[in-house]
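Engineer: Input structure27.tsv, format and content: TSV, N, CA and C atoms.
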```
chain	number	residue	atom	x	y	z
A	29	MET	N	-4.91	6.84	-0.35
A	29	MET	CA	-6.17	6.87	0.38
A	29	MET	C	-6.72	5.45	0.44
A	30	LYS	N	-7.28	5.08	1.57
A	30	LYS	CA	-7.87	3.76	1.74
A	30	LYS	C	-9.39	3.84	1.74
A	31	TYR	N	-9.99	2.84	1.10
A	31	TYR	CA	-11.44	2.76	0.99
A	31	TYR	C	-11.88	1.34	1.33
A	32	THR	N	-13.10	1.22	1.88
A	32	THR	CA	-13.71	-0.09	2.09
A	32	THR	C	-15.04	-0.11	1.34
A	33	TYR	N	-15.22	-1.16	0.55
A	33	TYR	CA	-16.43	-1.30	-0.27
A	33	TYR	C	-17.13	-2.59	0.15
A	34	THR	N	-18.42	-2.51	0.46
A	34	THR	CA	-19.23	-3.68	0.79
A	34	THR	C	-19.77	-4.27	-0.49
A	35	THR	N	-19.40	-5.52	-0.76
A	35	THR	CA	-19.80	-6.18	-2.00
A	35	THR	C	-21.25	-6.65	-1.92
A	36	GLN	N	-21.82	-6.90	-3.10
A	36	GLN	CA	-23.18	-7.41	-3.19
A	36	GLN	C	-23.22	-8.55	-4.19
A	37	GLY	N	-23.84	-9.66	-3.81
A	37	GLY	CA	-24.05	-10.77	-4.72
A	37	GLY	C	-22.86	-11.68	-4.92
A	38	THR	N	-21.87	-11.59	-4.03
A	38	THR	CA	-20.68	-12.43	-4.15
A	38	THR	C	-20.37	-13.12	-2.82
A	39	CYS	N	-19.47	-14.08	-2.88
A	39	CYS	CA	-19.03	-14.78	-1.66
A	39	CYS	C	-18.17	-13.86	-0.79
A	40	SER	N	-17.41	-12.96	-1.42
A	40	SER	CA	-16.65	-12.00	-0.62
A	40	SER	C	-17.63	-11.00	-0.01
A	41	ARG	N	-17.28	-10.50	1.17
A	41	ARG	CA	-18.18	-9.59	1.89
A	41	ARG	C	-17.77	-8.12	1.73
A	42	SER	N	-16.47	-7.89	1.55
A	42	SER	CA	-16.00	-6.52	1.40
A	42	SER	C	-14.64	-6.52	0.71
A	43	ILE	N	-14.27	-5.33	0.24
A	43	ILE	CA	-12.97	-5.13	-0.41
A	43	ILE	C	-12.34	-3.88	0.19
A	44	GLU	N	-11.11	-4.02	0.66
A	44	GLU	CA	-10.34	-2.87	1.12
A	44	GLU	C	-9.40	-2.49	-0.01
A	45	ILE	N	-9.44	-1.23	-0.41
A	45	ILE	CA	-8.67	-0.77	-1.56
A	45	ILE	C	-7.86	0.45	-1.15
A	46	GLU	N	-6.58	0.42	-1.52
A	46	GLU	CA	-5.74	1.59	-1.31
A	46	GLU	C	-5.34	2.12	-2.68
A	47	VAL	N	-5.59	3.40	-2.91
A	47	VAL	CA	-5.21	4.04	-4.17
A	47	VAL	C	-4.33	5.24	-3.88
A	48	GLU	N	-3.45	5.50	-4.83
A	48	GLU	CA	-2.60	6.69	-4.76
A	48	GLU	C	-2.65	7.33	-6.13
A	49	GLY	N	-3.15	8.54	-6.18
A	49	GLY	CA	-3.34	9.18	-7.48
A	49	GLY	C	-4.36	8.40	-8.28
A	50	ASN	N	-3.97	7.93	-9.45
A	50	ASN	CA	-4.87	7.18	-10.32
A	50	ASN	C	-4.47	5.70	-10.38
A	51	ARG	N	-3.72	5.23	-9.38
A	51	ARG	CA	-3.23	3.85	-9.39
A	51	ARG	C	-3.71	3.07	-8.17
A	52	VAL	N	-3.92	1.79	-8.39
A	52	VAL	CA	-4.29	0.87	-7.31
A	52	VAL	C	-3.00	0.44	-6.61
A	53	CYS	N	-2.91	0.69	-5.31
A	53	CYS	CA	-1.71	0.30	-4.54
A	53	CYS	C	-1.88	-1.06	-3.89
A	54	ASP	N	-3.08	-1.33	-3.36
A	54	ASP	CA	-3.30	-2.58	-2.65
A	54	ASP	C	-4.78	-2.91	-2.64
A	55	VAL	N	-5.09	-4.21	-2.66
A	55	VAL	CA	-6.47	-4.69	-2.61
A	55	VAL	C	-6.51	-5.90	-1.69
A	56	LYS	N	-7.48	-5.93	-0.78
A	56	LYS	CA	-7.68	-7.07	0.12
A	56	LYS	C	-9.17	-7.39	0.17
A	57	PHE	N	-9.51	-8.62	-0.17
A	57	PHE	CA	-10.88	-9.09	-0.12
A	57	PHE	C	-11.12	-9.78	1.22
A	58	THR	N	-12.31	-9.62	1.77
A	58	THR	CA	-12.73	-10.37	2.96
A	58	THR	C	-13.75	-11.39	2.50
A	59	GLY	N	-13.45	-12.68	2.73
A	59	GLY	CA	-14.31	-13.76	2.27
A	59	GLY	C	-13.99	-14.09	0.82
A	60	GLY	N	-14.74	-15.02	0.27
A	60	GLY	CA	-14.54	-15.40	-1.13
A	60	GLY	C	-13.48	-16.48	-1.30
A	61	CYS	N	-13.09	-16.73	-2.52
A	61	CYS	CA	-12.11	-17.76	-2.87
A	61	CYS	C	-10.72	-17.20	-2.68
A	62	HIS	N	-10.13	-17.50	-1.56
A	62	HIS	CA	-8.89	-16.88	-1.10
A	62	HIS	C	-7.78	-16.82	-2.15
A	63	GLY	N	-7.43	-17.95	-2.72
A	63	GLY	CA	-6.33	-17.99	-3.69
A	63	GLY	C	-6.62	-17.15	-4.92
A	64	ASN	N	-7.82	-17.28	-5.46
A	64	ASN	CA	-8.18	-16.50	-6.66
A	64	ASN	C	-8.15	-15.00	-6.37
A	65	LEU	N	-8.63	-14.61	-5.20
A	65	LEU	CA	-8.70	-13.19	-4.89
A	65	LEU	C	-7.33	-12.60	-4.59
A	66	ILE	N	-6.44	-13.39	-4.03
A	66	ILE	CA	-5.05	-12.93	-3.86
A	66	ILE	C	-4.44	-12.73	-5.24
A	67	GLY	N	-4.73	-13.64	-6.17
A	67	GLY	CA	-4.23	-13.51	-7.53
A	67	GLY	C	-4.72	-12.24	-8.20
A	68	ILE	N	-6.01	-11.97	-8.08
A	68	ILE	CA	-6.57	-10.75	-8.68
A	68	ILE	C	-5.92	-9.51	-8.06
A	69	ALA	N	-5.82	-9.51	-6.73
A	69	ALA	CA	-5.23	-8.36	-6.03
A	69	ALA	C	-3.79	-8.13	-6.48
A	70	THR	N	-3.04	-9.20	-6.66
A	70	THR	CA	-1.65	-9.08	-7.10
A	70	THR	C	-1.56	-8.55	-8.52
A	71	LEU	N	-2.43	-9.03	-9.39
A	71	LEU	CA	-2.41	-8.61	-10.79
A	71	LEU	C	-2.77	-7.14	-10.97
A	72	VAL	N	-3.69	-6.61	-10.17
A	72	VAL	CA	-4.13	-5.23	-10.37
A	72	VAL	C	-3.23	-4.21	-9.65
A	73	ARG	N	-2.38	-4.69	-8.75
A	73	ARG	CA	-1.50	-3.78	-8.01
A	73	ARG	C	-0.63	-2.99	-8.99
A	74	GLY	N	-0.66	-1.68	-8.87
A	74	GLY	CA	0.13	-0.80	-9.72
A	74	GLY	C	-0.57	-0.36	-11.00
A	75	MET	N	-1.71	-0.95	-11.30
A	75	MET	CA	-2.45	-0.59	-12.52
A	75	MET	C	-3.24	0.70	-12.32
A	76	GLU	N	-3.52	1.38	-13.43
A	76	GLU	CA	-4.39	2.55	-13.37
A	76	GLU	C	-5.82	2.10	-13.11
A	77	ILE	N	-6.54	2.90	-12.35
A	77	ILE	CA	-7.91	2.57	-11.96
A	77	ILE	C	-8.78	2.27	-13.18
A	78	ASN	N	-8.75	3.12	-14.19
A	78	ASN	CA	-9.61	2.92	-15.36
A	78	ASN	C	-9.25	1.65	-16.13
A	79	GLU	N	-7.98	1.27	-16.12
A	79	GLU	CA	-7.57	0.04	-16.79
A	79	GLU	C	-8.16	-1.18	-16.07
A	80	VAL	N	-8.12	-1.16	-14.74
A	80	VAL	CA	-8.69	-2.25	-13.96
A	80	VAL	C	-10.19	-2.35	-14.22
A	81	ILE	N	-10.87	-1.22	-14.18
A	81	ILE	CA	-12.32	-1.20	-14.44
A	81	ILE	C	-12.61	-1.80	-15.81
A	82	GLY	N	-11.86	-1.39	-16.81
A	82	GLY	CA	-12.07	-1.88	-18.17
A	82	GLY	C	-11.87	-3.38	-18.32
A	83	LYS	N	-10.93	-3.93	-17.59
A	83	LYS	CA	-10.64	-5.36	-17.68
A	83	LYS	C	-11.62	-6.23	-16.87
A	84	LEU	N	-12.10	-5.71	-15.74
A	84	LEU	CA	-12.89	-6.54	-14.82
A	84	LEU	C	-14.40	-6.33	-14.90
A	85	ARG	N	-14.83	-5.19	-15.45
A	85	ARG	CA	-16.26	-4.87	-15.53
A	85	ARG	C	-17.01	-5.95	-16.30
A	86	GLY	N	-18.10	-6.44	-15.73
A	86	GLY	CA	-18.98	-7.38	-16.42
A	86	GLY	C	-18.63	-8.85	-16.28
A	87	ILE	N	-17.53	-9.17	-15.60
A	87	ILE	CA	-17.20	-10.59	-15.38
A	87	ILE	C	-18.24	-11.18	-14.44
A	88	ARG	N	-18.75	-12.35	-14.82
A	88	ARG	CA	-19.77	-13.02	-14.01
A	88	ARG	C	-19.20	-14.27	-13.36
A	89	CYS	N	-19.81	-14.68	-12.27
A	89	CYS	CA	-19.42	-15.90	-11.57
A	89	CYS	C	-20.56	-16.90	-11.73
A	90	GLY	N	-20.39	-17.86	-12.63
A	90	GLY	CA	-21.45	-18.82	-12.89
A	90	GLY	C	-22.70	-18.12	-13.36
A	91	ALA	N	-23.83	-18.44	-12.72
A	91	ALA	CA	-25.11	-17.84	-13.10
A	91	ALA	C	-25.36	-16.51	-12.40
A	92	LYS	N	-24.47	-16.11	-11.50
A	92	LYS	CA	-24.64	-14.84	-10.80
A	92	LYS	C	-24.44	-13.68	-11.78
A	93	PRO	N	-25.14	-12.58	-11.55
A	93	PRO	CA	-24.99	-11.43	-12.45
A	93	PRO	C	-23.71	-10.62	-12.20
A	94	THR	N	-22.93	-11.01	-11.21
A	94	THR	CA	-21.71	-10.28	-10.85
A	94	THR	C	-20.65	-11.28	-10.40
A	95	SER	N	-19.51	-10.77	-9.97
A	95	SER	CA	-18.41	-11.60	-9.47
A	95	SER	C	-17.54	-10.72	-8.58
A	96	CYS	N	-16.57	-11.31	-7.93
A	96	CYS	CA	-15.65	-10.51	-7.12
A	96	CYS	C	-14.86	-9.53	-7.99
A	97	PRO	N	-14.35	-9.94	-9.17
A	97	PRO	CA	-13.68	-8.96	-10.01
A	97	PRO	C	-14.62	-7.82	-10.46
A	98	ASP	N	-15.86	-8.14	-10.79
A	98	ASP	CA	-16.84	-7.13	-11.18
A	98	ASP	C	-17.11	-6.19	-10.01
A	99	GLN	N	-17.18	-6.72	-8.80
A	99	GLN	CA	-17.39	-5.88	-7.63
A	99	GLN	C	-16.20	-4.97	-7.37
A	100	LEU	N	-14.99	-5.44	-7.67
A	100	LEU	CA	-13.82	-4.57	-7.56
A	100	LEU	C	-13.94	-3.43	-8.57
A	101	ALA	N	-14.38	-3.72	-9.78
A	101	ALA	CA	-14.60	-2.66	-10.77
A	101	ALA	C	-15.64	-1.66	-10.26
A	102	ASN	N	-16.73	-2.15	-9.67
A	102	ASN	CA	-17.75	-1.26	-9.09
A	102	ASN	C	-17.14	-0.36	-8.03
A	103	ALA	N	-16.36	-0.96	-7.15
A	103	ALA	CA	-15.72	-0.20	-6.06
A	103	ALA	C	-14.83	0.90	-6.62
A	104	LEU	N	-14.04	0.58	-7.62
A	104	LEU	CA	-13.13	1.56	-8.21
A	104	LEU	C	-13.90	2.65	-8.92
A	105	GLU	N	-15.03	2.33	-9.52
A	105	GLU	CA	-15.88	3.38	-10.13
A	105	GLU	C	-16.39	4.34	-9.06
A	106	HIS	N	-16.85	3.78	-7.93
A	106	HIS	CA	-17.32	4.64	-6.83
A	106	HIS	C	-16.20	5.54	-6.33
A	107	ILE	N	-15.01	4.99	-6.20
A	107	ILE	CA	-13.87	5.78	-5.75
A	107	ILE	C	-13.58	6.90	-6.75
A	108	SER	N	-13.58	6.58	-8.03
A	108	SER	CA	-13.30	7.60	-9.07
A	108	SER	C	-14.33	8.72	-9.05
A	109	GLN	N	-15.60	8.35	-8.86
A	109	GLN	CA	-16.67	9.35	-8.85
A	109	GLN	C	-16.66	10.21	-7.59
A	110	ALA	N	-16.17	9.64	-6.48
A	110	ALA	CA	-16.16	10.36	-5.22
A	110	ALA	C	-15.03	11.38	-5.13
A	111	ARG	N	-14.06	11.26	-6.01
A	111	ARG	CA	-12.89	12.16	-5.93
A	111	ARG	C	-13.11	13.44	-6.64
```
I'd like the structure from this file rewritten - as structure tokens, please.
Structural biologist:
Amino acid sequence: MKYTYTTQGTCSRSIEIEVEGNRVCDVKFTGGCHGNLIGIATLVRGMEINEVIGKLRGIRCGAKPTSCPDQLANALEHISQAR
């Protein structure tokens, strides 16, 4: 299933996420730090949703209260709750 999540408080504007069962199949960020976000997307591919949430939840970007990885955790929480 594919989902689009609109981020808040980050340079990225949205995240497209594809999940199958309880695993992340693909992640694509729109905007943000391209190389870093490709790295994050590659690292989480194939991981269980709850594992990704546990690793990325609460990561901050400088003085911002959130980050692109934290927003990915938010998105995956919304997906988990919606199912």
Engineer: Which polymer residues have any atom within 9 Å of an atom of Thr38 in chain A, counting only C-alpha atoms, with same-chain residues fewer than 6 positions away left out, as a PyMOL selection string?
Structural biologist: chain A and resi 60+89+92+94-96+99
Engineer: DSSP on the backbone, strand (DSSP E or B) only: what residues of chain A does that give? Format it as a list of chain:residue names.
Structural biologist: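 The residues of chain A classed as strand (DSSP E or B) are A:Lys30, A:Tyr31, A:Thr32, A:Tyr33, A:Thr34, A:Ser40, A:Arg41, A:Ser42, A:Ile43, A:Glu44, A:Ile45, A:Glu46, A:Val47, A:Glu48, A:Arg51, A:Val52, A:Cys53, A:Asp54, A:Val55, A:Lys56, A:Phe57, A:Thr58, A:Gly59, A:Glu76.
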Engineer: Take the selection from the previous step and output its residues with N, CA and C atoms, as a PDB file, keeping the file's coordinate frame.
Structural biologist:
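Writing the result to result_28.pdb gives the following:
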```
ATOM      1  N   LYS A  30      -7.280   5.080   1.570  1.00  0.00           N
ATOM      2  CA  LYS A  30      -7.870   3.760   1.740  1.00  0.00           C
ATOM      3  C   LYS A  30      -9.390   3.840   1.740  1.00  0.00           C
ATOM      4  N   TYR A  31      -9.990   2.840   1.100  1.00  0.00           N
ATOM      5  CA  TYR A  31     -11.440   2.760   0.990  1.00  0.00           C
ATOM      6  C   TYR A  31     -11.880   1.340   1.330  1.00  0.00           C
ATOM      7  N   THR A  32     -13.100   1.220   1.880  1.00  0.00           N
ATOM      8  CA  THR A  32     -13.710  -0.090   2.090  1.00  0.00           C
ATOM      9  C   THR A  32     -15.040  -0.110   1.340  1.00  0.00           C
ATOM     10  N   TYR A  33     -15.220  -1.160   0.550  1.00  0.00           N
ATOM     11  CA  TYR A  33     -16.430  -1.300  -0.270  1.00  0.00           C
ATOM     12  C   TYR A  33     -17.130  -2.590   0.150  1.00  0.00           C
ATOM     13  N   THR A  34     -18.420  -2.510   0.460  1.00  0.00           N
ATOM     14  CA  THR A  34     -19.230  -3.680   0.790  1.00  0.00           C
ATOM     15  C   THR A  34     -19.770  -4.270  -0.490  1.00  0.00           C
ATOM     16  N   SER A  40     -17.410 -12.960  -1.420  1.00  0.00           N
ATOM     17  CA  SER A  40     -16.650 -12.000  -0.620  1.00  0.00           C
ATOM     18  C   SER A  40     -17.630 -11.000  -0.010  1.00  0.00           C
ATOM     19  N   ARG A  41     -17.280 -10.500   1.170  1.00  0.00           N
ATOM     20  CA  ARG A  41     -18.180  -9.590   1.890  1.00  0.00           C
ATOM     21  C   ARG A  41     -17.770  -8.120   1.730  1.00  0.00           C
ATOM     22  N   SER A  42     -16.470  -7.890   1.550  1.00  0.00           N
ATOM     23  CA  SER A  42     -16.000  -6.520   1.400  1.00  0.00           C
ATOM     24  C   SER A  42     -14.640  -6.520   0.710  1.00  0.00           C
ATOM     25  N   ILE A  43     -14.270  -5.330   0.240  1.00  0.00           N
ATOM     26  CA  ILE A  43     -12.970  -5.130  -0.410  1.00  0.00           C
ATOM     27  C   ILE A  43     -12.340  -3.880   0.190  1.00  0.00           C
ATOM     28  N   GLU A  44     -11.110  -4.020   0.660  1.00  0.00           N
ATOM     29  CA  GLU A  44     -10.340  -2.870   1.120  1.00  0.00           C
ATOM     30  C   GLU A  44      -9.400  -2.490  -0.010  1.00  0.00           C
ATOM     31  N   ILE A  45      -9.440  -1.230  -0.410  1.00  0.00           N
ATOM     32  CA  ILE A  45      -8.670  -0.770  -1.560  1.00  0.00           C
ATOM     33  C   ILE A  45      -7.860   0.450  -1.150  1.00  0.00           C
ATOM     34  N   GLU A  46      -6.580   0.420  -1.520  1.00  0.00           N
ATOM     35  CA  GLU A  46      -5.740   1.590  -1.310  1.00  0.00           C
ATOM     36  C   GLU A  46      -5.340   2.120  -2.680  1.00  0.00           C
ATOM     37  N   VAL A  47      -5.590   3.400  -2.910  1.00  0.00           N
ATOM     38  CA  VAL A  47      -5.210   4.040  -4.170  1.00  0.00           C
ATOM     39  C   VAL A  47      -4.330   5.240  -3.880  1.00  0.00           C
ATOM     40  N   GLU A  48      -3.450   5.500  -4.830  1.00  0.00           N
ATOM     41  CA  GLU A  48      -2.600   6.690  -4.760  1.00  0.00           C
ATOM     42  C   GLU A  48      -2.650   7.330  -6.130  1.00  0.00           C
ATOM     43  N   ARG A  51      -3.720   5.230  -9.380  1.00  0.00           N
ATOM     44  CA  ARG A  51      -3.230   3.850  -9.390  1.00  0.00           C
ATOM     45  C   ARG A  51      -3.710   3.070  -8.170  1.00  0.00           C
ATOM     46  N   VAL A  52      -3.920   1.790  -8.390  1.00  0.00           N
ATOM     47  CA  VAL A  52      -4.290   0.870  -7.310  1.00  0.00           C
ATOM     48  C   VAL A  52      -3.000   0.440  -6.610  1.00  0.00           C
ATOM     49  N   CYS A  53      -2.910   0.690  -5.310  1.00  0.00           N
ATOM     50  CA  CYS A  53      -1.710   0.300  -4.540  1.00  0.00           C
ATOM     51  C   CYS A  53      -1.880  -1.060  -3.890  1.00  0.00           C
ATOM     52  N   ASP A  54      -3.080  -1.330  -3.360  1.00  0.00           N
ATOM     53  CA  ASP A  54      -3.300  -2.580  -2.650  1.00  0.00           C
ATOM     54  C   ASP A  54      -4.780  -2.910  -2.640  1.00  0.00           C
ATOM     55  N   VAL A  55      -5.090  -4.210  -2.660  1.00  0.00           N
ATOM     56  CA  VAL A  55      -6.470  -4.690  -2.610  1.00  0.00           C
ATOM     57  C   VAL A  55      -6.510  -5.900  -1.690  1.00  0.00           C
ATOM     58  N   LYS A  56      -7.480  -5.930  -0.780  1.00  0.00           N
ATOM     59  CA  LYS A  56      -7.680  -7.070   0.120  1.00  0.00           C
ATOM     60  C   LYS A  56      -9.170  -7.390   0.170  1.00  0.00           C
ATOM     61  N   PHE A  57      -9.510  -8.620  -0.170  1.00  0.00           N
ATOM     62  CA  PHE A  57     -10.880  -9.090  -0.120  1.00  0.00           C
ATOM     63  C   PHE A  57     -11.120  -9.780   1.220  1.00  0.00           C
ATOM     64  N   THR A  58     -12.310  -9.620   1.770  1.00  0.00           N
ATOM     65  CA  THR A  58     -12.730 -10.370   2.960  1.00  0.00           C
ATOM     66  C   THR A  58     -13.750 -11.390   2.500  1.00  0.00           C
ATOM     67  N   GLY A  59     -13.450 -12.680   2.730  1.00  0.00           N
ATOM     68  CA  GLY A  59     -14.310 -13.760   2.270  1.00  0.00           C
ATOM     69  C   GLY A  59     -13.990 -14.090   0.820  1.00  0.00           C
ATOM     70  N   GLU A  76      -3.520   1.380 -13.430  1.00  0.00           N
ATOM     71  CA  GLU A  76      -4.390   2.550 -13.370  1.00  0.00           C
ATOM     72  C   GLU A  76      -5.820   2.100 -13.110  1.00  0.00           C
TER      73      GLU A  76
END
```
Engineer: Using only C-alpha atoms, which of A:Ala101, A:Val80, A:Val55, A:Ile68 sits nearest Ile43 in chain A?
Structural biologist: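 Looking only at the distances to Ile43 in chain A, the closest residue turns out to be A:Val55.
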Engineer: Axis-aligned box over every listed atom of range 46-54 of chain A, padded by 6 Å per side: centre and edges in Å to one decimal, as AutoDock Vina command-line options?
Structural biologist:
```
--center_x -4.1 --center_y 3.1 --center_z -5.8 --size_x 16.9 --size_y 24.1 --size_z 21.1
```
Engineer: Quick one: everything within 6 Å of Arg85 in chain A, counting only C-alpha atoms, minus sequence neighbours fewer than 3 positions away in the same chain. Send it as a list in words.
Structural biologist: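 So, after excluding close chain neighbours, the residues are Ile81, Gly82, Asp98 and Ala101 of chain A.
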Engineer: Report, in Å to a single decimal, how far apart CA of His106 in chain A and CA of Gly49 in chain A are.
Structural biologist: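 So the two atoms, CA of Gly49 in chain A and CA of His106 in chain A, lie 14.7 Å apart.
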Engineer: Could you give me, as a PyMOL selection string, the residues within 8 Å of Met29 in chain A, counting only N, CA and C atoms and dropping anything in the same chain fewer than 2 positions from it?
Structural biologist: chain A and resi 31-32+45-49
Engineer: Quick one: pull the distance between CA of Glu76 in chain A and CA of Cys39 in chain A, Å, one decimal.
Structural biologist: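 For CA of Glu76 in chain A relative to CA of Cys39 in chain A, the distance reads 25.5 Å.
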Engineer: Just the number, please: distance in Å from CA of Arg88 in chain A to CA of Ala110 in chain A, one decimal.
Structural biologist: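 Going from CA of Arg88 in chain A over to CA of Ala110 in chain A covers 25.2 Å.
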Engineer: For Pro97 in chain A, find every residue with an atom within 6.5 Å (counting only N, CA and C atoms), except residues of its own chain fewer than 3 positions away, and show them as a list in words.
Structural biologist: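 Everything that qualifies: Leu84, Arg85, Gly86, Ile87, Leu100, Ala101 and Asn102 of chain A.
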Engineer: From the list A:Gln36, A:Ser42, A:Gln109, A:Thr70, which residue is nearest Thr58 in chain A when using all atoms listed in the file?
Structural biologist: A:Ser42
Engineer: Go through A:Thr35, A:Asn50, A:Ser40, A:Ser108 and flag the residue nearest Gly74 in chain A, using only N, CA and C atoms for the distances.
Structural biologist: A:Asn50
Engineer: Could you please write out, as a PyMOL selection string, every residue of chain A that DSSP assigns to alpha helix (DSSP H)?
Structural biologist: chain A and resi 62-72+77-84+96-110
Engineer: Using the partial input, fill out range 63-76 of chain A with N, CA, C and O atoms; write the result as a CSV table (one decimal), keeping the file's coordinate frame.
Structural biologist:
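This went into selection11.csv:
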```csv
chain,number,residue,atom,x,y,z
A,63,GLY,N,-7.4,-18.0,-2.7
A,63,GLY,CA,-6.3,-18.0,-3.7
A,63,GLY,C,-6.6,-17.2,-4.9
A,63,GLY,O,-5.8,-16.4,-5.4
A,64,ASN,N,-7.8,-17.3,-5.5
A,64,ASN,CA,-8.2,-16.5,-6.7
A,64,ASN,C,-8.2,-15.0,-6.4
A,64,ASN,O,-7.7,-14.2,-7.2
A,65,LEU,N,-8.6,-14.6,-5.2
A,65,LEU,CA,-8.7,-13.2,-4.9
A,65,LEU,C,-7.3,-12.6,-4.6
A,65,LEU,O,-7.1,-11.4,-4.9
A,66,ILE,N,-6.4,-13.4,-4.0
A,66,ILE,CA,-5.0,-12.9,-3.9
A,66,ILE,C,-4.4,-12.7,-5.2
A,66,ILE,O,-3.7,-11.8,-5.5
A,67,GLY,N,-4.7,-13.6,-6.2
A,67,GLY,CA,-4.2,-13.5,-7.5
A,67,GLY,C,-4.7,-12.2,-8.2
A,67,GLY,O,-3.9,-11.5,-8.8
A,68,ILE,N,-6.0,-12.0,-8.1
A,68,ILE,CA,-6.6,-10.8,-8.7
A,68,ILE,C,-5.9,-9.5,-8.1
A,68,ILE,O,-5.5,-8.6,-8.8
A,69,ALA,N,-5.8,-9.5,-6.7
A,69,ALA,CA,-5.2,-8.4,-6.0
A,69,ALA,C,-3.8,-8.1,-6.5
A,69,ALA,O,-3.4,-7.0,-6.7
A,70,THR,N,-3.0,-9.2,-6.7
A,70,THR,CA,-1.6,-9.1,-7.1
A,70,THR,C,-1.6,-8.6,-8.5
A,70,THR,O,-0.7,-7.7,-8.8
A,71,LEU,N,-2.4,-9.0,-9.4
A,71,LEU,CA,-2.4,-8.6,-10.8
A,71,LEU,C,-2.8,-7.1,-11.0
A,71,LEU,O,-2.2,-6.5,-11.9
A,72,VAL,N,-3.7,-6.6,-10.2
A,72,VAL,CA,-4.1,-5.2,-10.4
A,72,VAL,C,-3.2,-4.2,-9.6
A,72,VAL,O,-3.3,-3.0,-9.9
A,73,ARG,N,-2.4,-4.7,-8.8
A,73,ARG,CA,-1.5,-3.8,-8.0
A,73,ARG,C,-0.6,-3.0,-9.0
A,73,ARG,O,0.0,-3.6,-9.9
A,74,GLY,N,-0.7,-1.7,-8.9
A,74,GLY,CA,0.1,-0.8,-9.7
A,74,GLY,C,-0.6,-0.4,-11.0
A,74,GLY,O,-0.1,0.5,-11.7
A,75,MET,N,-1.7,-1.0,-11.3
A,75,MET,CA,-2.4,-0.6,-12.5
A,75,MET,C,-3.2,0.7,-12.3
A,75,MET,O,-3.6,1.0,-11.2
A,76,GLU,N,-3.5,1.4,-13.4
A,76,GLU,CA,-4.4,2.6,-13.4
A,76,GLU,C,-5.8,2.1,-13.1
A,76,GLU,O,-6.3,1.1,-13.6
```
